[in-house]
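Heads up: the structure comes next, in structure tokens.
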Amino acid sequence: MEGLVREFEQELWHLEGLVWAVRGALEQAGCRWVLLGQDMLFLHVGHLRAFLARLDPAEPVVLGNRLRGFGNGAVMASPWAQIWSRAAAERLVSSWDDKCRPDILTQDYLKQGGGGSDYGFGHCFGDLSPAVPYPDTRDDEGRDRFYLWPPSRMDEGNWSPGRLQASTSWPALHSGVGMARGSDGEWL
């Protein structure tokens with residue numbers, strides 16, 4: 001046990017902590033979706049519920065901004081916010097000890113900083129057979145649904161009014177679809 005605790009702390013403390021929390025969530029019969037997000041995540045709960053109501057939590061899926069992951073052709077979700085269906089969470093948790101965790105431990109890049117939820121979990125979901133899909137979560141107008149900050153804070157160009165044009169703001173440059181100006185209530 002001491003060796004396991006030492007390895008947990010030194011190698012994958014971040015991922016292990018998240019897997020521990022997901023296991024706990026899955027113990028609740030009513031858990032249909034698992035949200036992993038960062039501390040300043042902005043959500044419009046009503047829009048989130050409406051979006052999730054169109055999907056089946058019994059089907060494995062990971063929702064979030066799709067980015068290039070670790071490896072050739074790999075996909076991951078931004079660590080700002082990932083939403084796992086119950087089926088996806090169950091698949092990852094059930095394969096964690098025997099497949100995912102040992103594989104991550106062989107990859108120096110994946111275990112940096114305790115393991116990143118974006119690259120590490122993206123690698124695991126992609127290695128499962130069949131792989132867990134990351135569908136496009138943009139709306140009908142091509143706007144991303146998942147942002148770390150509320151739109152009112154981002155639309156003036158890198159969070160400081162007048163500093164940059166909106167087209168060169170951080171979200172416009174990194175989301176790949178830009179961002180429409182609007183109230184916070186227009187976003188998921």
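Convention: chains lettered A, B, ... in structure tokens order; per-chain residue numbering from 1; ligands numbered from 1 as shown.
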Helix (DSSP H, G or I) residues, from DSSP on the backbone, in stretch 2-133 of chain A, as a PyMOL selection string: chain A and resi 2-10+13-26+45-53+86-105+112-114+117-127
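Among the candidates A:Gln38, A:Ser117, A:Gln28, A:Asn65, the one nearest to A:Arg138 when counting only C-alpha atoms is A:Asn65.
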Would you kindly return, as an NGL selection string, each protein, DNA or RNA residue with an atom no farther than 6 Å from any atom of stretch 82-90 of chain A, considering only C-alpha atoms and excluding same-chain residues fewer than 2 positions away? :A and (32-36 or 57-64 or 92-94)
Keeping only all heavy atoms, write those residues as a CSV table (one decimal), in the first residue's frame.
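Below you can see out19.csv, which holds the result:
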chain,number,residue,atom,x,y,z
A,32,ARG,N,-26.1,10.6,-14.3
A,32,ARG,CA,-26.2,10.3,-15.8
A,32,ARG,C,-25.1,10.9,-16.6
A,32,ARG,O,-24.7,10.5,-17.6
A,32,ARG,CB,-27.6,10.8,-16.3
A,32,ARG,CG,-28.7,10.1,-15.7
A,32,ARG,CD,-30.1,10.5,-16.2
A,32,ARG,NE,-30.2,11.9,-16.1
A,32,ARG,CZ,-31.0,12.6,-16.9
A,32,ARG,NH1,-31.8,12.0,-17.8
A,32,ARG,NH2,-31.1,13.9,-16.7
A,33,TRP,N,-24.5,12.1,-16.0
A,33,TRP,CA,-23.5,12.8,-16.7
A,33,TRP,C,-22.4,13.2,-15.6
A,33,TRP,O,-22.8,13.5,-14.5
A,33,TRP,CB,-24.0,14.1,-17.4
A,33,TRP,CG,-25.0,13.8,-18.4
A,33,TRP,CD1,-26.4,13.7,-18.3
A,33,TRP,CD2,-24.8,13.4,-19.8
A,33,TRP,NE1,-27.0,13.4,-19.5
A,33,TRP,CE2,-26.0,13.2,-20.4
A,33,TRP,CE3,-23.6,13.2,-20.5
A,33,TRP,CZ2,-26.1,12.8,-21.7
A,33,TRP,CZ3,-23.7,12.9,-21.8
A,33,TRP,CH2,-25.0,12.7,-22.4
A,34,VAL,N,-21.2,13.3,-16.0
A,34,VAL,CA,-20.1,13.7,-15.1
A,34,VAL,C,-19.4,14.9,-15.7
A,34,VAL,O,-19.0,14.8,-16.9
A,34,VAL,CB,-19.1,12.6,-14.9
A,34,VAL,CG1,-17.9,13.1,-14.1
A,34,VAL,CG2,-19.7,11.3,-14.3
A,35,LEU,N,-19.4,16.0,-15.0
A,35,LEU,CA,-18.7,17.2,-15.5
A,35,LEU,C,-17.4,17.3,-14.8
A,35,LEU,O,-17.3,17.3,-13.6
A,35,LEU,CB,-19.6,18.4,-15.1
A,35,LEU,CG,-18.9,19.8,-15.3
A,35,LEU,CD1,-18.6,20.1,-16.7
A,35,LEU,CD2,-19.8,20.9,-14.6
A,36,LEU,N,-16.3,17.5,-15.6
A,36,LEU,CA,-15.0,17.8,-15.1
A,36,LEU,C,-14.7,19.2,-15.6
A,36,LEU,O,-14.8,19.5,-16.8
A,36,LEU,CB,-13.9,16.8,-15.7
A,36,LEU,CG,-14.1,15.4,-15.4
A,36,LEU,CD1,-12.9,14.6,-16.0
A,36,LEU,CD2,-14.1,15.1,-13.9
A,57,PRO,N,-27.4,9.3,-22.0
A,57,PRO,CA,-26.2,9.0,-21.2
A,57,PRO,C,-25.8,7.5,-21.1
A,57,PRO,O,-24.7,7.2,-20.7
A,57,PRO,CB,-26.6,9.4,-19.8
A,57,PRO,CG,-28.1,9.4,-19.8
A,57,PRO,CD,-28.5,9.7,-21.3
A,58,ALA,N,-26.6,6.6,-21.7
A,58,ALA,CA,-26.3,5.2,-21.8
A,58,ALA,C,-25.3,4.9,-23.0
A,58,ALA,O,-24.8,3.8,-23.1
A,58,ALA,CB,-27.5,4.4,-21.9
A,59,GLU,N,-25.1,5.9,-23.8
A,59,GLU,CA,-24.2,5.8,-24.9
A,59,GLU,C,-22.9,6.5,-24.5
A,59,GLU,O,-22.9,7.6,-24.1
A,59,GLU,CB,-24.8,6.5,-26.2
A,59,GLU,CG,-26.0,5.8,-26.7
A,59,GLU,CD,-25.7,4.4,-27.3
A,59,GLU,OE1,-24.6,4.2,-27.9
A,59,GLU,OE2,-26.5,3.5,-27.0
A,60,PRO,N,-21.8,5.8,-24.7
A,60,PRO,CA,-20.5,6.5,-24.4
A,60,PRO,C,-20.2,7.6,-25.3
A,60,PRO,O,-20.1,7.5,-26.5
A,60,PRO,CB,-19.5,5.3,-24.5
A,60,PRO,CG,-20.1,4.3,-25.4
A,60,PRO,CD,-21.6,4.5,-25.3
A,61,VAL,N,-19.9,8.8,-24.6
A,61,VAL,CA,-19.6,10.0,-25.4
A,61,VAL,C,-18.9,11.0,-24.4
A,61,VAL,O,-19.2,11.0,-23.2
A,61,VAL,CB,-20.9,10.7,-26.0
A,61,VAL,CG1,-21.8,11.1,-24.9
A,61,VAL,CG2,-20.6,11.8,-26.9
A,62,VAL,N,-18.0,11.7,-25.0
A,62,VAL,CA,-17.3,12.8,-24.2
A,62,VAL,C,-17.6,14.1,-25.0
A,62,VAL,O,-17.4,14.2,-26.2
A,62,VAL,CB,-15.8,12.6,-24.1
A,62,VAL,CG1,-15.1,13.8,-23.4
A,62,VAL,CG2,-15.4,11.3,-23.4
A,63,LEU,N,-18.1,15.1,-24.2
A,63,LEU,CA,-18.5,16.4,-24.8
A,63,LEU,C,-17.5,17.4,-24.3
A,63,LEU,O,-17.1,17.4,-23.2
A,63,LEU,CB,-19.9,16.7,-24.4
A,63,LEU,CG,-21.0,15.7,-24.6
A,63,LEU,CD1,-22.3,16.1,-23.9
A,63,LEU,CD2,-21.2,15.5,-26.1
A,64,GLY,N,-17.2,18.4,-25.2
A,64,GLY,CA,-16.3,19.5,-24.9
A,64,GLY,C,-15.7,20.0,-26.2
A,64,GLY,O,-16.0,19.5,-27.2
A,92,LEU,N,-14.2,4.1,-18.7
A,92,LEU,CA,-12.9,4.6,-18.3
A,92,LEU,C,-12.5,4.0,-16.9
A,92,LEU,O,-11.5,3.5,-16.7
A,92,LEU,CB,-12.8,6.1,-18.3
A,92,LEU,CG,-11.4,6.6,-18.0
A,92,LEU,CD1,-10.9,7.6,-19.0
A,92,LEU,CD2,-11.3,7.2,-16.6
A,93,VAL,N,-13.5,4.2,-16.0
A,93,VAL,CA,-13.2,3.7,-14.6
A,93,VAL,C,-12.9,2.2,-14.6
A,93,VAL,O,-12.0,1.7,-13.9
A,93,VAL,CB,-14.4,4.1,-13.7
A,93,VAL,CG1,-14.3,3.3,-12.4
A,93,VAL,CG2,-14.4,5.6,-13.5
A,94,SER,N,-13.7,1.4,-15.4
A,94,SER,CA,-13.5,0.0,-15.4
A,94,SER,C,-12.2,-0.4,-16.0
A,94,SER,O,-11.7,-1.5,-15.7
A,94,SER,CB,-14.7,-0.7,-16.0
A,94,SER,OG,-14.7,-0.5,-17.4
Quick one: distance from atom CA of A:Thr106 to atom CA of A:Ala25 in Å, one decimal? 27.9 Å
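Atom CA of A:Pro102 sits 18.3 Å away from atom CA of A:Gly69.
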Residue contacts of A:Gly115 (9 Å, only C-alpha atoms) excluding same-chain residues fewer than 5 positions away, as a PyMOL selection string: chain A and resi 11-16+104+109-110+120-121
Write out the residues from the selection above, keeping N, CA and C atoms, as a PDB file, in the first residue's frame.
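result-v7.pdb written:
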ATOM      1  N   GLU A  11       3.264  10.264  -9.437  1.00  0.00           N
ATOM      2  CA  GLU A  11       3.080  10.038 -10.853  1.00  0.00           C
ATOM      3  C   GLU A  11       1.793  10.634 -11.416  1.00  0.00           C
ATOM      4  N   LEU A  12       0.682  10.173 -10.942  1.00  0.00           N
ATOM      5  CA  LEU A  12      -0.584  10.559 -11.554  1.00  0.00           C
ATOM      6  C   LEU A  12      -1.573  11.116 -10.541  1.00  0.00           C
ATOM      7  N   TRP A  13      -1.101  11.926  -9.629  1.00  0.00           N
ATOM      8  CA  TRP A  13      -1.962  12.411  -8.562  1.00  0.00           C
ATOM      9  C   TRP A  13      -3.198  13.135  -9.106  1.00  0.00           C
ATOM     10  N   HIS A  14      -3.055  13.894 -10.179  1.00  0.00           N
ATOM     11  CA  HIS A  14      -4.202  14.634 -10.716  1.00  0.00           C
ATOM     12  C   HIS A  14      -5.232  13.689 -11.333  1.00  0.00           C
ATOM     13  N   LEU A  15      -4.789  12.813 -12.206  1.00  0.00           N
ATOM     14  CA  LEU A  15      -5.722  11.872 -12.839  1.00  0.00           C
ATOM     15  C   LEU A  15      -6.326  10.916 -11.826  1.00  0.00           C
ATOM     16  N   GLU A  16      -5.516  10.416 -10.912  1.00  0.00           N
ATOM     17  CA  GLU A  16      -6.027   9.481  -9.888  1.00  0.00           C
ATOM     18  C   GLU A  16      -7.123  10.139  -9.052  1.00  0.00           C
ATOM     19  N   ILE A 104      -0.603   5.112 -19.408  1.00  0.00           N
ATOM     20  CA  ILE A 104      -0.166   6.494 -19.159  1.00  0.00           C
ATOM     21  C   ILE A 104       1.188   6.516 -18.462  1.00  0.00           C
ATOM     22  N   TYR A 109       5.180  12.251 -21.366  1.00  0.00           N
ATOM     23  CA  TYR A 109       4.379  13.440 -21.654  1.00  0.00           C
ATOM     24  C   TYR A 109       3.025  13.388 -20.949  1.00  0.00           C
ATOM     25  N   LEU A 110       2.393  12.225 -20.918  1.00  0.00           N
ATOM     26  CA  LEU A 110       1.062  12.096 -20.336  1.00  0.00           C
ATOM     27  C   LEU A 110       1.059  12.176 -18.820  1.00  0.00           C
ATOM     28  N   GLY A 120      -4.417  12.965 -20.934  1.00  0.00           N
ATOM     29  CA  GLY A 120      -4.472  11.637 -20.322  1.00  0.00           C
ATOM     30  C   GLY A 120      -5.782  10.920 -20.576  1.00  0.00           C
ATOM     31  N   PHE A 121      -6.888  11.579 -20.271  1.00  0.00           N
ATOM     32  CA  PHE A 121      -8.177  10.939 -20.487  1.00  0.00           C
ATOM     33  C   PHE A 121      -8.474  10.800 -21.975  1.00  0.00           C
TER      34      PHE A 121
END
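Residue nearest A:Tyr119 within the list A:Pro133, A:Trp96, A:Ala77, A:Phe146: A:Ala77 [criterion: smallest interatomic distance, only C-alpha atoms].
From atom CA of A:Asp144 back to atom CA of A:Trp20, the distance works out to 29.1 Å.
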